[in-house]
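Before any comments, here is the structure.
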Amino acid sequence: RLICACDHPATATRIAEAGVAAGVSLPVRIEIDCGYGRAGLSADDPGLLALGRQLHQQAGTSLAGVFTHAGHSYAARADVVAVAASERDAVVAAAAALRAAGLPCDAVSAGSTPTACLGADWRGVTELRPGNYLLFDLTQAGIGSCTRGDIAASVLATVIGHQRRHVTIDAGSLALSSDHGAAQRDPSVGYGVVCDLDGTPLPGVVVHALSQEHGWVSVAPQGPGGGSATPDLFSALPIGRKVRILPSHSCTTAAAYPAFVVCDGPRVVDTWQRVAGW
């Protein structure tokens, strides 16, 4: 099932041309800006009704509803509940305006992971889309959407070296991504928290720096470039030891891999293929 997104008449025209060429009517949802500012129309934008009529009346498209994404919830800190309320209000108001103009608006879709987890009232919303909710990560744990024990994604890595100030693993930016979002809230998490094979974090041990193919592991970093290694760390992480890394951002990390390897403790129980590429 294909659903298209649109916030401009020119885009609506291009989608309609594709629908006509394919001999189908493509369902389109209008994107609403609820305060994030990335894309979309505000609920009171005069162009909302005109765009809705265009999608409803032209050949090649049908008006399938509205949607929004509160990406600014990631920076909201203690105000995530308030962001969730404004997210709901914006998309519900847009749907009400379209319906009042006699236009169909079946889908009223909202959702970022922080607002979906922490928001309390979704009256008027028909769908939530909390994508990161599938796996969680250190960024979500820092926001309060989950605990570290809820994080379902990890990267399996191997210790391959001992340096003067760090332990080296074979998981760099290509394996973990260079997204440092979690550390913006808590510098001590670095680019990932190091765990043993059963997922138990090693106290204070993090990936504090990345190169393309290598991760630099240390204890208690003071920031992205800090950290130190001790004889105890070298003993705990001998060369050849396997470790699991909890990622800062599971979405960009998962994008590096063709499939999810599903584990029940140390036992591999399944492999889930995923869509890769753009």
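Labels used: A, B, ... for chains in the order of the structure tokens, numbers from 1 for residues in each chain, and numbers from 1 for ligands as shown.
When DSSP is run on the backbone, the residues of stretch 95-149 of chain A that fall into strand (DSSP E or B) are A:Ala107, A:Val108, A:Ser109, A:Ala110, A:Glu127, A:Leu128.
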Could you list, as a PDB file with N, CA and C atoms, in the first residue's frame, every residue within 8 Å of A:Ala157, counting only C-alpha atoms and ignoring same-chain residues fewer than 5 positions away?
ATOM      1  N   ILE A 169      37.661  -1.378  19.184  1.00  0.00           N
ATOM      2  CA  ILE A 169      36.732  -2.388  18.684  1.00  0.00           C
ATOM      3  C   ILE A 169      36.565  -2.213  17.176  1.00  0.00           C
ATOM      4  N   ASP A 170      36.040  -3.241  16.529  1.00  0.00           N
ATOM      5  CA  ASP A 170      35.916  -3.221  15.067  1.00  0.00           C
ATOM      6  C   ASP A 170      34.578  -2.641  14.613  1.00  0.00           C
ATOM      7  N   ALA A 171      34.027  -1.701  15.365  1.00  0.00           N
ATOM      8  CA  ALA A 171      32.763  -1.044  15.010  1.00  0.00           C
ATOM      9  C   ALA A 171      32.984   0.460  15.067  1.00  0.00           C
ATOM     10  N   LYS A 242      33.915 -10.518  22.573  1.00  0.00           N
ATOM     11  CA  LYS A 242      32.729  -9.973  21.917  1.00  0.00           C
ATOM     12  C   LYS A 242      31.964  -9.093  22.905  1.00  0.00           C
ATOM     13  N   VAL A 243      31.491  -7.960  22.415  1.00  0.00           N
ATOM     14  CA  VAL A 243      30.679  -7.057  23.235  1.00  0.00           C
ATOM     15  C   VAL A 243      29.487  -6.586  22.405  1.00  0.00           C
ATOM     16  N   ARG A 244      28.493  -6.067  23.095  1.00  0.00           N
ATOM     17  CA  ARG A 244      27.350  -5.453  22.426  1.00  0.00           C
ATOM     18  C   ARG A 244      27.365  -3.955  22.721  1.00  0.00           C
ATOM     19  N   ILE A 245      27.057  -3.161  21.702  1.00  0.00           N
ATOM     20  CA  ILE A 245      27.029  -1.714  21.849  1.00  0.00           C
ATOM     21  C   ILE A 245      25.593  -1.228  21.713  1.00  0.00           C
TER      22      ILE A 245
END
If you count only C-alpha atoms, which residues fall within 12 Å of A:Ala141, apart from same-chain ones fewer than 2 positions away, as a PyMOL selection string? chain A and resi 74+77+113-114+117+132-133+135-139+143-152+181-183+185-186+189+193+246-250
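Proximity of A:Thr200, A:Ser109, A:Thr168, A:Ser218 to A:Leu128, computed with only C-alpha atoms, is greatest for A:Ser109.
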Please provide as a PyMOL selection string all residues within 12 Å of A:Val275, with the sequence filter that same-chain residues fewer than 6 positions apart are discarded (counting only C-alpha atoms). chain A and resi 254-260
